[in-house]
file query-v3.csv (CSV, C-alpha atoms)
chain,number,residue,atom,x,y,z
R,1,MET,CA,122.6,-20.4,-112.6
R,2,SER,CA,124.9,-20.5,-115.5
R,3,ASN,CA,127.6,-23.1,-115.2
R,4,ILE,CA,131.3,-22.8,-116.2
R,5,LEU,CA,131.1,-26.3,-117.4
R,6,ASP,CA,128.1,-25.7,-119.6
R,7,GLY,CA,130.4,-24.8,-122.5
R,8,ILE,CA,132.2,-28.1,-122.1
R,9,GLU,CA,128.8,-29.9,-121.9
R,10,ARG,CA,128.0,-28.5,-125.3
R,11,LEU,CA,131.3,-29.6,-126.7
R,12,HIS,CA,130.7,-33.0,-125.1
R,13,GLN,CA,127.4,-33.3,-127.0
R,14,ALA,CA,129.1,-32.3,-130.2
R,15,LEU,CA,131.7,-35.0,-129.7
R,16,ASP,CA,128.9,-37.5,-129.1
R,17,TYR,CA,127.2,-36.4,-132.3
R,18,HIS,CA,130.3,-36.8,-134.5
R,19,LEU,CA,131.2,-40.2,-133.0
R,20,GLU,CA,127.6,-41.5,-133.5
R,21,ARG,CA,127.6,-40.1,-137.0
R,22,HIS,CA,130.9,-41.9,-137.8
R,23,ASN,CA,129.1,-45.1,-136.9
R,24,LEU,CA,126.3,-44.4,-139.4
R,25,LEU,CA,128.7,-43.3,-142.2
R,26,THR,CA,130.9,-46.4,-141.7
R,27,ALA,CA,127.8,-48.6,-141.9
R,28,ASN,CA,126.9,-46.8,-145.2
R,29,LEU,CA,130.3,-47.6,-146.5
R,30,THR,CA,130.1,-51.3,-145.7
R,31,HIS,CA,126.8,-51.6,-147.4
R,32,ILE,CA,128.1,-50.5,-150.8
R,33,ASP,CA,127.0,-53.9,-152.3
R,34,THR,CA,123.9,-54.6,-150.3
R,35,PRO,CA,120.9,-54.3,-152.7
R,36,GLY,CA,118.2,-51.8,-151.7
R,37,TYR,CA,120.3,-50.2,-149.0
R,38,LYS,CA,119.8,-46.4,-148.5
R,39,PRO,CA,122.5,-44.4,-146.9
R,40,LEU,CA,121.7,-42.9,-143.5
R,41,ASP,CA,122.9,-39.7,-141.8
R,42,LEU,CA,122.5,-38.1,-138.4
R,43,GLU,CA,120.8,-34.8,-138.0
R,44,ARG,CA,120.9,-32.5,-135.1
R,45,GLY,CA,117.5,-31.5,-133.8
R,46,ALA,CA,116.0,-28.2,-132.9
R,47,ALA,CA,117.3,-28.4,-129.4
R,48,PHE,CA,120.8,-27.9,-130.6
R,49,GLN,CA,119.8,-24.8,-132.7
R,50,GLY,CA,118.0,-23.4,-129.7
R,51,GLU,CA,121.0,-24.1,-127.6
R,52,LEU,CA,123.3,-22.2,-130.0
R,53,GLU,CA,121.0,-19.3,-130.1
R,54,SER,CA,120.6,-19.0,-126.4
R,55,ALA,CA,124.4,-19.5,-125.9
R,56,MET,CA,124.8,-16.4,-128.0
R,57,ALA,CA,122.0,-14.5,-126.4
R,58,THR,CA,123.1,-14.8,-122.8
R,59,THR,CA,125.7,-12.2,-122.8
R,60,ASP,CA,124.4,-10.5,-119.7
R,61,SER,CA,124.3,-12.2,-116.3
R,62,GLY,CA,120.8,-11.0,-115.9
R,63,HIS,CA,119.6,-13.1,-118.8
R,64,ILE,CA,118.2,-16.5,-118.2
R,65,ALA,CA,120.7,-19.2,-119.3
R,66,SER,CA,119.3,-22.3,-120.9
R,67,SER,CA,119.8,-25.5,-119.1
R,68,VAL,CA,121.8,-28.1,-121.1
R,69,HIS,CA,119.5,-30.5,-122.9
R,70,GLY,CA,120.0,-34.1,-123.6
R,71,PRO,CA,121.3,-35.0,-127.1
R,72,ASP,CA,118.7,-34.5,-129.8
R,73,PHE,CA,119.9,-36.5,-132.8
R,74,LYS,CA,117.8,-37.9,-135.5
R,75,VAL,CA,118.7,-40.7,-137.9
R,76,VAL,CA,117.6,-39.7,-141.4
R,77,GLN,CA,117.9,-41.1,-144.9
R,78,ASP,CA,120.4,-39.1,-146.9
R,79,PRO,CA,118.0,-37.3,-149.2
R,80,SER,CA,120.7,-36.3,-151.8
R,81,SER,CA,121.8,-39.9,-152.6
R,82,ALA,CA,121.3,-41.2,-156.1
R,83,VAL,CA,119.8,-44.7,-156.3
R,84,GLY,CA,121.5,-47.1,-158.6
R,85,MET,CA,120.2,-50.2,-160.5
R,86,ASP,CA,120.0,-52.5,-157.5
R,87,GLY,CA,118.2,-49.9,-155.3
R,88,ASN,CA,121.4,-49.2,-153.4
R,89,GLY,CA,122.1,-45.5,-152.9
R,90,VAL,CA,125.6,-45.5,-151.4
R,91,SER,CA,128.4,-43.6,-153.2
R,92,ILE,CA,131.8,-44.6,-151.9
R,93,ASP,CA,133.2,-41.1,-152.6
R,94,ARG,CA,130.5,-39.2,-150.8
R,95,GLU,CA,130.8,-41.4,-147.8
R,96,ALA,CA,134.6,-41.2,-147.7
R,97,VAL,CA,134.4,-37.4,-147.9
R,98,LYS,CA,131.8,-37.3,-145.1
R,99,ILE,CA,133.9,-39.6,-142.9
R,100,ALA,CA,137.0,-37.4,-143.5
R,101,ALA,CA,135.1,-34.2,-142.7
R,102,ASN,CA,133.5,-35.7,-139.7
R,103,HIS,CA,136.9,-36.9,-138.5
R,104,VAL,CA,138.4,-33.4,-138.8
R,105,ARG,CA,135.5,-31.9,-136.9
R,106,TYR,CA,135.7,-34.5,-134.1
R,107,GLU,CA,139.5,-33.9,-133.6
R,108,ALA,CA,138.9,-30.1,-133.6
R,109,LEU,CA,136.3,-30.4,-130.9
R,110,ALA,CA,138.4,-32.8,-128.9
R,111,GLY,CA,141.2,-30.3,-129.1
R,112,LEU,CA,138.9,-27.5,-127.9
R,113,VAL,CA,137.6,-29.6,-125.0
R,114,GLN,CA,141.2,-30.4,-124.0
R,115,GLY,CA,142.1,-26.7,-124.1
R,116,SER,CA,139.1,-25.6,-122.1
R,117,LEU,CA,139.7,-28.2,-119.4
R,118,SER,CA,143.4,-27.4,-119.2
R,119,SER,CA,142.7,-23.8,-118.6
R,120,LEU,CA,140.1,-24.6,-116.0
R,121,ALA,CA,142.6,-26.9,-114.3
R,122,TRP,CA,145.1,-24.1,-114.4
R,123,ALA,CA,142.6,-21.7,-112.8
R,124,ALA,CA,141.6,-24.3,-110.2
R,125,ASN,CA,145.2,-24.9,-109.4
R,126,ASP,CA,145.6,-21.2,-108.4
R,127,GLY,CA,147.3,-20.3,-111.6
R,128,LYS,CA,150.1,-22.9,-111.3
L,1,MET,CA,127.6,-59.4,-126.6
L,2,SER,CA,124.6,-57.1,-127.3
L,3,HIS,CA,123.9,-54.8,-124.4
L,4,GLN,CA,120.8,-52.7,-124.2
L,5,PHE,CA,122.6,-49.7,-122.7
L,6,LYS,CA,125.4,-49.6,-125.2
L,7,VAL,CA,125.5,-46.6,-127.4
L,8,ALA,CA,127.3,-46.2,-130.7
L,9,GLY,CA,130.9,-45.6,-130.0
L,10,VAL,CA,134.5,-46.3,-131.2
L,11,PHE,CA,134.3,-50.0,-131.0
L,12,SER,CA,130.9,-50.5,-132.6
L,13,ALA,CA,132.2,-48.4,-135.6
L,14,MET,CA,135.2,-50.6,-135.8
L,15,GLU,CA,133.1,-53.8,-135.8
L,16,VAL,CA,130.9,-52.5,-138.5
L,17,ALA,CA,133.9,-51.5,-140.7
L,18,ALA,CA,135.4,-54.9,-140.0
L,19,SER,CA,132.3,-56.6,-141.2
L,20,GLY,CA,132.6,-54.6,-144.4
L,21,LEU,CA,136.2,-55.7,-144.9
L,22,THR,CA,135.3,-59.3,-144.4
L,23,ALA,CA,132.5,-59.0,-147.0
L,24,GLU,CA,134.8,-57.3,-149.5
L,25,ARG,CA,137.4,-60.1,-149.0
L,26,GLY,CA,134.7,-62.6,-149.7
L,27,ARG,CA,133.8,-60.8,-152.8
L,28,MET,CA,137.4,-60.8,-154.0
L,29,ASN,CA,137.6,-64.6,-153.3
L,30,VAL,CA,134.5,-65.1,-155.5
L,31,ILE,CA,136.0,-62.9,-158.3
L,32,ALA,CA,139.3,-64.9,-158.0
L,33,SER,CA,137.4,-68.1,-158.5
L,34,ASN,CA,135.6,-66.7,-161.5
L,35,LEU,CA,138.9,-65.5,-163.1
L,36,ALA,CA,140.7,-68.8,-162.3
L,37,ASN,CA,137.9,-70.8,-164.0
L,38,ALA,CA,137.5,-68.5,-167.0
L,39,ARG,CA,138.4,-71.4,-169.3
L,40,THR,CA,137.1,-74.4,-167.3
L,41,THR,CA,134.8,-76.3,-169.7
L,42,LYS,CA,134.0,-79.2,-167.4
L,43,GLY,CA,133.3,-78.9,-163.7
L,44,ALA,CA,132.5,-81.6,-161.1
L,45,ASP,CA,129.0,-81.9,-162.5
L,46,GLY,CA,130.2,-82.3,-166.1
L,47,GLN,CA,128.9,-78.8,-167.0
L,48,PRO,CA,131.1,-75.8,-167.9
L,49,TYR,CA,131.9,-73.4,-165.0
L,50,HIS,CA,129.2,-70.8,-164.3
L,51,ARG,CA,130.4,-67.5,-162.8
L,52,LEU,CA,129.4,-66.9,-159.2
L,53,ASP,CA,128.0,-63.7,-157.6
L,54,PRO,CA,128.3,-63.0,-153.9
L,55,VAL,CA,125.1,-62.4,-152.0
L,56,PHE,CA,125.2,-59.8,-149.2
L,57,SER,CA,122.7,-59.0,-146.5
L,58,SER,CA,122.7,-56.6,-143.6
L,59,HIS,CA,122.1,-57.2,-139.9
L,60,SER,CA,121.4,-54.6,-137.2
L,61,VAL,CA,124.3,-54.4,-134.7
L,62,ASN,CA,121.9,-54.0,-131.8
L,63,GLU,CA,118.2,-53.6,-132.5
L,64,ASN,CA,117.3,-53.5,-128.8
L,65,SER,CA,119.6,-50.5,-128.0
L,66,PHE,CA,117.9,-47.4,-126.6
L,67,ASP,CA,120.3,-45.4,-128.9
L,68,PRO,CA,118.5,-44.8,-132.2
L,69,VAL,CA,121.9,-44.6,-134.0
L,70,LEU,CA,123.0,-48.1,-132.8
L,71,ARG,CA,119.6,-49.5,-133.8
L,72,ASN,CA,120.1,-48.1,-137.3
L,73,VAL,CA,123.7,-49.1,-137.7
L,74,SER,CA,124.0,-52.5,-139.5
L,75,GLU,CA,126.8,-54.9,-140.3
L,76,VAL,CA,127.1,-56.6,-143.6
L,77,SER,CA,127.7,-60.3,-144.2
L,78,MET,CA,128.2,-62.5,-147.2
L,79,ASP,CA,125.5,-65.2,-147.0
L,80,GLY,CA,126.8,-67.2,-149.9
L,81,VAL,CA,127.1,-67.3,-153.7
L,82,LYS,CA,124.6,-67.5,-156.5
L,83,ALA,CA,125.5,-69.1,-159.8
L,84,ASP,CA,124.9,-66.9,-162.9
L,85,GLN,CA,123.0,-69.3,-165.2
L,86,SER,CA,123.3,-67.2,-168.4
L,87,PRO,CA,124.7,-69.3,-171.3
L,88,GLY,CA,128.4,-69.3,-172.1
L,89,GLN,CA,130.1,-68.7,-175.4
L,90,LEU,CA,129.9,-71.6,-177.9
L,91,VAL,CA,133.1,-72.2,-179.9
L,92,TYR,CA,133.3,-74.7,-182.7
L,93,ASP,CA,136.2,-77.0,-181.9
L,94,PRO,CA,135.4,-80.7,-182.8
L,95,GLY,CA,138.8,-81.9,-181.5
L,96,HIS,CA,138.1,-80.7,-178.0
L,97,PRO,CA,137.4,-83.4,-175.4
L,98,ASP,CA,134.4,-81.5,-174.1
L,99,ALA,CA,132.9,-80.8,-177.5
L,100,ASN,CA,129.2,-81.7,-177.9
L,101,ALA,CA,127.7,-83.9,-180.7
L,102,SER,CA,127.7,-81.0,-183.2
L,103,GLY,CA,131.4,-80.1,-182.4
L,104,TYR,CA,130.7,-77.0,-180.2
L,105,VAL,CA,132.4,-76.4,-176.9
L,106,GLU,CA,130.6,-74.2,-174.3
L,107,TYR,CA,133.0,-72.0,-172.5
L,108,PRO,CA,132.1,-70.4,-169.1
L,109,ASN,CA,130.1,-67.2,-169.0
L,110,VAL,CA,133.0,-65.4,-167.4
L,111,ASN,CA,133.9,-62.0,-168.8
L,112,VAL,CA,137.5,-61.3,-167.7
L,113,VAL,CA,137.2,-57.5,-168.1
L,114,THR,CA,134.0,-57.4,-166.1
L,115,GLU,CA,135.6,-59.5,-163.4
L,116,MET,CA,138.6,-57.1,-163.3
L,117,VAL,CA,136.3,-54.1,-162.9
L,118,ASN,CA,134.5,-55.9,-160.0
L,119,LEU,CA,137.9,-56.7,-158.5
L,120,MET,CA,138.9,-53.1,-158.6
L,121,THR,CA,135.6,-51.9,-157.1
L,122,ALA,CA,136.0,-54.5,-154.3
L,123,SER,CA,139.5,-53.3,-153.7
L,124,ARG,CA,138.5,-49.7,-153.5
L,125,ALA,CA,135.7,-50.5,-151.1
L,126,TYR,CA,138.2,-52.5,-148.9
L,127,GLU,CA,140.5,-49.5,-148.9
L,128,ALA,CA,137.7,-47.2,-147.9
L,129,GLY,CA,136.9,-49.5,-145.0
L,130,VAL,CA,140.5,-49.4,-143.9
L,131,THR,CA,140.5,-45.6,-144.1
L,132,SER,CA,137.4,-45.5,-141.9
L,133,ILE,CA,139.1,-47.7,-139.3
L,134,GLU,CA,142.2,-45.4,-139.4
L,135,SER,CA,139.9,-42.5,-138.9
L,136,ILE,CA,138.1,-43.9,-135.9
L,137,LYS,CA,141.5,-44.9,-134.4
L,138,SER,CA,142.7,-41.3,-134.7
L,139,MET,CA,139.5,-40.0,-133.2
L,140,ALA,CA,139.9,-42.4,-130.2
L,141,LYS,CA,143.4,-41.1,-129.7
L,142,ALA,CA,142.1,-37.5,-129.8
L,143,ALA,CA,139.5,-38.5,-127.2
L,144,LEU,CA,142.2,-40.0,-125.0
L,145,LYS,CA,144.3,-36.8,-125.2
L,146,ILE,CA,141.5,-34.9,-123.4
L,147,GLY,CA,142.5,-36.6,-120.2
L,148,THR,CA,146.1,-35.4,-120.3
G,1,MET,CA,127.6,-40.4,-124.1
G,2,ILE,CA,123.9,-40.2,-123.8
G,3,ILE,CA,123.9,-40.5,-120.0
G,4,HIS,CA,125.4,-37.3,-118.7
G,5,GLY,CA,125.7,-38.2,-115.0
G,6,ILE,CA,126.8,-34.8,-113.9
G,7,SER,CA,125.3,-31.5,-113.7
G,8,GLY,CA,128.0,-31.0,-111.1
G,9,SER,CA,131.6,-30.3,-110.7
G,10,ASP,CA,130.2,-26.9,-110.8
G,11,ILE,CA,132.9,-24.5,-110.1
G,12,ALA,CA,130.5,-21.7,-110.6
G,13,ARG,CA,128.6,-23.0,-107.5
G,14,VAL,CA,131.6,-22.0,-105.5
G,15,GLN,CA,130.7,-18.4,-106.1
G,16,PRO,CA,132.0,-17.3,-102.8
G,17,SER,CA,133.2,-14.1,-104.4
G,18,ASP,CA,129.6,-12.7,-104.3
G,19,ALA,CA,129.1,-14.0,-100.8
G,20,LEU,CA,132.4,-12.6,-99.6
G,21,VAL,CA,131.9,-9.2,-101.1
G,22,GLU,CA,128.7,-9.0,-99.1
G,23,THR,CA,130.2,-10.1,-95.8
G,24,PRO,CA,130.6,-6.6,-94.4
G,25,LYS,CA,126.8,-6.5,-94.2
G,26,GLN,CA,126.9,-9.6,-92.0
G,27,ASP,CA,127.9,-9.6,-88.4
G,28,GLY,CA,131.1,-11.5,-88.1
G,29,VAL,CA,132.4,-14.6,-89.8
G,30,GLY,CA,129.7,-17.0,-91.0
G,31,GLY,CA,127.1,-14.5,-90.1
G,32,SER,CA,123.5,-15.3,-89.6
G,33,GLY,CA,122.2,-13.6,-92.8
G,34,GLY,CA,123.0,-14.8,-96.4
G,35,VAL,CA,125.2,-17.6,-97.5
G,36,SER,CA,127.9,-18.5,-95.0
G,37,PHE,CA,131.4,-19.2,-96.3
G,38,GLY,CA,131.4,-22.5,-94.4
G,39,ASP,CA,128.3,-23.7,-96.3
G,40,VAL,CA,129.9,-22.8,-99.6
G,41,LEU,CA,133.1,-24.6,-98.7
G,42,THR,CA,131.2,-27.7,-97.6
G,43,LYS,CA,129.3,-27.6,-100.9
G,44,THR,CA,132.5,-27.4,-102.9
G,45,VAL,CA,134.1,-30.3,-101.1
G,46,MET,CA,130.9,-32.4,-101.4
G,47,ASN,CA,130.8,-31.4,-105.1
G,48,ALA,CA,134.4,-32.6,-105.6
G,49,GLY,CA,133.5,-35.9,-103.9
G,50,HIS,CA,130.5,-36.3,-106.2
G,51,ASP,CA,132.5,-35.5,-109.3
G,52,ASP,CA,135.1,-38.1,-108.2
G,53,GLN,CA,132.3,-40.7,-107.8
G,54,VAL,CA,130.9,-40.0,-111.3
G,55,ALA,CA,134.4,-40.2,-112.8
G,56,THR,CA,135.1,-43.5,-110.9
G,57,GLN,CA,131.8,-45.0,-112.1
G,58,LYS,CA,132.6,-44.1,-115.7
G,59,VAL,CA,136.2,-45.4,-115.5
G,60,ASP,CA,134.9,-48.7,-113.9
G,61,ALA,CA,132.4,-49.1,-116.8
G,62,LEU,CA,135.1,-48.5,-119.3
G,63,ALA,CA,137.5,-50.9,-117.5
G,64,ALA,CA,134.7,-53.6,-117.4
G,65,GLY,CA,134.1,-53.2,-121.1
G,66,VAL,CA,130.5,-52.2,-120.5
G,67,SER,CA,131.0,-48.7,-121.9
G,68,ASP,CA,132.8,-47.5,-125.1
G,69,ASP,CA,132.5,-43.9,-124.0
G,70,LEU,CA,136.1,-42.7,-124.3
G,71,HIS,CA,135.6,-39.0,-124.5
G,72,GLY,CA,132.8,-38.9,-121.9
G,73,THR,CA,135.0,-40.7,-119.5
G,74,MET,CA,138.0,-38.5,-120.2
G,75,ILE,CA,135.9,-35.4,-119.7
G,76,SER,CA,134.5,-36.7,-116.4
G,77,VAL,CA,138.0,-37.6,-115.1
G,78,LYS,CA,139.3,-34.2,-116.0
G,79,GLU,CA,136.3,-32.5,-114.4
G,80,ALA,CA,136.9,-34.4,-111.2
G,81,GLU,CA,140.5,-33.5,-111.3
G,82,ILE,CA,139.6,-29.8,-111.7
G,83,SER,CA,137.2,-30.0,-108.7
G,84,MET,CA,139.8,-31.6,-106.6
G,85,LYS,CA,142.4,-29.0,-107.5
G,86,LEU,CA,139.9,-26.3,-106.7
G,87,VAL,CA,139.4,-27.8,-103.2
G,88,GLY,CA,143.1,-28.1,-102.8
G,89,SER,CA,143.7,-24.5,-103.7
G,90,ILE,CA,141.0,-23.2,-101.4
G,91,ARG,CA,142.5,-25.3,-98.6
G,92,ASN,CA,145.9,-23.9,-99.2
G,93,LYS,CA,144.6,-20.4,-99.3
G,94,LEU,CA,142.7,-20.9,-96.0
G,95,LEU,CA,145.8,-22.4,-94.4
G,96,ASP,CA,147.9,-19.4,-95.5
G,97,ALA,CA,145.3,-17.0,-94.1
G,98,PHE,CA,145.1,-18.9,-90.8
G,99,GLN,CA,148.9,-18.8,-90.5
G,100,GLU,CA,149.0,-15.1,-91.3
G,101,LEU,CA,146.5,-14.5,-88.5
G,102,TRP,CA,148.4,-16.8,-86.1
G,103,ARG,CA,151.6,-14.8,-86.7
G,104,THR,CA,149.9,-11.4,-86.3
G,105,SER,CA,151.1,-9.9,-83.0
G,106,VAL,CA,148.3,-8.1,-81.1
call {"tool": "encode", "arguments": {"input": "query-v3.csv", "output": "structure tokens"}}
result
Amino acid sequence: MSNILDGIERLHQALDYHLERHNLLTANLTHIDTPGYKPLDLERGAAFQGELESAMATTDSGHIASSVHGPDFKVVQDPSSAVGMDGNGVSIDREAVKIAANHVRYEALAGLVQGSLSSLAWAANDGK
Amino acid sequence: MSHQFKVAGVFSAMEVAASGLTAERGRMNVIASNLANARTTKGADGQPYHRLDPVFSSHSVNENSFDPVLRNVSEVSMDGVKADQSPGQLVYDPGHPDANASGYVEYPNVNVVTEMVNLMTASRAYEAGVTSIESIKSMAKAALKIGT
Amino acid sequence: MIIHGISGSDIARVQPSDALVETPKQDGVGGSGGVSFGDVLTKTVMNAGHDDQVATQKVDALAAGVSDDLHGTMISVKEAEISMKLVGSIRNKLLDAFQELWRTSV
């Protein structure tokens, strides 16, 4: 049975993803001088894509709704990084931009979760 | 401190950023020492000053965590300094107290311009670390607002 | 974060609307066939209790410093609050209905 809170669960996982990614990006930034360090990034796996597709597909109550999967994140080496003389591939600007973008996305998602929960609370409180 | 069930969160990100700030401050100290001794022709060992380079290494925050992100996130630390043994500039100055037998004085191998560039790079990296902490603080505030 | 304790706080589970619409088919209140309203109500209350437990666990973990999961805790707390409000609203509606019946002169 499709669950009202499934949408929130998806947002919850997106919040998890951005928070964990912030950890990796911050680690990249601190390793700007560590020889041989390659920047890491977090990738969302196939489960999230499938989740998105099925979320869009279940427009009819007769369709089978997907159950919410556990998070499917994968730590990967940033393939687009240019390696310098000491084997270090961190670019301070790239990482700073990624952190800023990640931050904005996280706050947007947090706002969405807050909004969704507030409207559910309103409904549960008999419209008061 | 390390807990197997911890996942990457707000505080782990702050700790990692803080390790970066400490490392950059260490680097700035080393650069300050190089700049201060740019003209020191005789150290404690009787030799001219040799410029120092900081040595950084990374340590995993929690290699036993079940969270792959936390296993891959690593802090940085400054393990020490390494002396740059390249020769310094020889200047002919027979009247100098540290002049050698042929009248030459060896000055330290410190290049002030290079050191200033390194100082600016360290300063930028420090600022970026501060920005990252500001960012995670703001994210934590947004998370707390969910409960209101 | 990774541990999503709840599948619950499932407001959709309340779904009494379907059950209620079908009540004419059943004989009397809480009829023998289909889902009885009482069962649904019990489930909702139990659910709210479960959500509250999950939220309390997460808050305890946060307070003890074992967990860093700010948004997960906040979401659970809010979900528990929603479940509780839902139970409260249903209780109020039932009470109103009961009083309405009580005052009805036969």
call {"tool": "closest_residue", "arguments": {"input": "query-v3.csv", "among": "L:Gln89, L:Ser12, L:Asn100, L:Thr40", "to": "chain R", "atoms": "all atoms listed in the file"}}
result
L:Ser12
call {"tool": "residues_around", "arguments": {"input": "query-v3.csv", "residues": "segment 138-141 of chain L", "least_positions_apart": "4", "cutoff": "9 Å", "atoms": "all atoms listed in the file", "output": "JSON list (two decimals) with C-alpha atoms, in the coordinates of the input"}}
result
[["chain", "number", "residue", "atom", "x", "y", "z"],
["R", 19, "LEU", "CA", 131.20, -40.20, -133.00],
["R", 103, "HIS", "CA", 136.90, -36.90, -138.50],
["R", 104, "VAL", "CA", 138.40, -33.40, -138.80],
["R", 106, "TYR", "CA", 135.70, -34.50, -134.10],
["R", 107, "GLU", "CA", 139.50, -33.90, -133.60],
["R", 110, "ALA", "CA", 138.40, -32.80, -128.90],
["L", 10, "VAL", "CA", 134.50, -46.30, -131.20],
["L", 133, "ILE", "CA", 139.10, -47.70, -139.30],
["L", 134, "GLU", "CA", 142.20, -45.40, -139.40],
["L", 145, "LYS", "CA", 144.30, -36.80, -125.20],
["G", 70, "LEU", "CA", 136.10, -42.70, -124.30],
["G", 71, "HIS", "CA", 135.60, -39.00, -124.50]]
call {"tool": "closest_atom_pairs", "arguments": {"input": "query-v3.csv", "of": "chain L", "to": "chain R", "cutoff": "9 Å", "atoms": "all atoms listed in the file", "output": "tab-separated table"}}
result
residue	atom	partner	partner_atom	distance
L:Val7	CA	R:Glu20	CA	8.2
L:Ala8	CA	R:Glu20	CA	5.5
L:Gly9	CA	R:Leu19	CA	6.2
L:Val10	CA	R:Leu19	CA	7.2
L:Ser12	CA	R:Asn23	CA	7.1
L:Ala13	CA	R:Asn23	CA	4.7
L:Met14	CA	R:Asn23	CA	8.3
L:Val16	CA	R:Ala27	CA	6.0
L:Ala17	CA	R:Thr26	CA	6.0
L:Ala18	CA	R:Thr30	CA	8.6
L:Ser19	CA	R:Thr30	CA	7.3
L:Gly20	CA	R:Thr30	CA	4.3
L:Leu21	CA	R:Thr30	CA	7.6
L:Ala23	CA	R:Thr30	CA	8.2
L:Glu24	CA	R:Thr30	CA	8.5
L:Val55	CA	R:Thr34	CA	8.1
L:Phe56	CA	R:Thr34	CA	5.5
L:Ser57	CA	R:Thr34	CA	5.9
L:Ser58	CA	R:Thr34	CA	7.1
L:Pro68	CA	R:Val75	CA	7.0
L:Val69	CA	R:Val75	CA	6.4
L:Leu70	CA	R:Asn23	CA	7.9
L:Asn72	CA	R:Leu24	CA	7.5
L:Val73	CA	R:Leu24	CA	5.6
L:Ser74	CA	R:Ala27	CA	6.0
L:Glu75	CA	R:Ala27	CA	6.6
L:Val76	CA	R:His31	CA	6.3
L:Arg124	CA	R:Ile92	CA	8.6
L:Ala125	CA	R:Ile92	CA	7.1
L:Tyr126	CA	R:Thr30	CA	8.8
L:Ala128	CA	R:Ala96	CA	6.8
L:Gly129	CA	R:Leu29	CA	7.0
L:Thr131	CA	R:Ala96	CA	8.2
L:Ser132	CA	R:Thr26	CA	6.6
L:Ile133	CA	R:Thr26	CA	8.6
L:Ser135	CA	R:His103	CA	6.4
L:Ile136	CA	R:His103	CA	7.6
L:Ser138	CA	R:Glu107	CA	8.1
L:Met139	CA	R:Glu107	CA	6.1
L:Ala142	CA	R:Glu107	CA	5.8
L:Ala143	CA	R:Ala110	CA	6.0
L:Lys145	CA	R:Gln114	CA	7.2
L:Ile146	CA	R:Gln114	CA	4.5
L:Gly147	CA	R:Gln114	CA	7.4
L:Thr148	CA	R:Gln114	CA	7.9
call {"tool": "atom_distance", "arguments": {"input": "query-v3.csv", "atom1": "atom CA of Trp122 of chain R", "atom2": "atom CA of Met74 of chain G"}}
result
17.1 Å
call {"tool": "atom_distance", "arguments": {"input": "query-v3.csv", "atom1": "atom CA of Ala64 of chain G", "atom2": "atom CA of Ser60 of chain L"}}
result
23.9 Å
call {"tool": "closest_residue", "arguments": {"input": "query-v3.csv", "among": "G:Thr73, G:Ser89, G:Asn47, G:Gln57", "to": "chain R", "atoms": "only C-alpha atoms"}}
result
G:Ser89
call {"tool": "atom_distance", "arguments": {"input": "query-v3.csv", "atom1": "atom CA of Ala101 of chain L", "atom2": "atom CA of Asn34 of chain L"}}
result
27.0 Å
call {"tool": "closest_residue", "arguments": {"input": "query-v3.csv", "among": "L:Pro94, L:Asn118, L:Gly103, L:Ser86", "to": "Pro48 of chain L", "atoms": "only C-alpha atoms"}}
result
L:Ser86
call {"tool": "closest_residue", "arguments": {"input": "query-v3.csv", "among": "R:Asn125, R:Gln77, R:Ser119, R:Asn88", "to": "chain G", "atoms": "only C-alpha atoms"}}
result
R:Asn125
call {"tool": "interface_residues", "arguments": {"input": "query-v3.csv", "of": "chain G", "to": "chain L", "cutoff": "9 Å", "atoms": "all atoms listed in the file", "output": "list in words"}}
result
Met1, Ile2, Val66, Ser67, Asp68, Asp69, Leu70, His71, Gly72, Thr73, Met74, Ile75, Ser76, Val77 and Lys78 of chain G
call {"tool": "residues_around", "arguments": {"input": "query-v3.csv", "residues": "Ala80 of chain G", "least_positions_apart": "3", "cutoff": "7 Å", "atoms": "all atoms listed in the file", "output": "PDB file with C-alpha atoms, in the coordinates of the input"}}
result
ATOM      1  CA  SER G   9     131.600 -30.300-110.700  1.00  0.00           C
ATOM      2  CA  ALA G  48     134.400 -32.600-105.600  1.00  0.00           C
ATOM      3  CA  ASP G  51     132.500 -35.500-109.300  1.00  0.00           C
ATOM      4  CA  ASP G  52     135.100 -38.100-108.200  1.00  0.00           C
ATOM      5  CA  ALA G  55     134.400 -40.200-112.800  1.00  0.00           C
ATOM      6  CA  SER G  76     134.500 -36.700-116.400  1.00  0.00           C
ATOM      7  CA  VAL G  77     138.000 -37.600-115.100  1.00  0.00           C
ATOM      8  CA  SER G  83     137.200 -30.000-108.700  1.00  0.00           C
ATOM      9  CA  MET G  84     139.800 -31.600-106.600  1.00  0.00           C
TER      10      MET G  84
END
call {"tool": "residues_near_point", "arguments": {"input": "query-v3.csv", "point": "(132.6, -81.5, -170.4)", "cutoff": "12 Å", "atoms": "all atoms listed in the file", "output": "ChimeraX atom specification"}}
result
/L:39-49,96-101,104-108
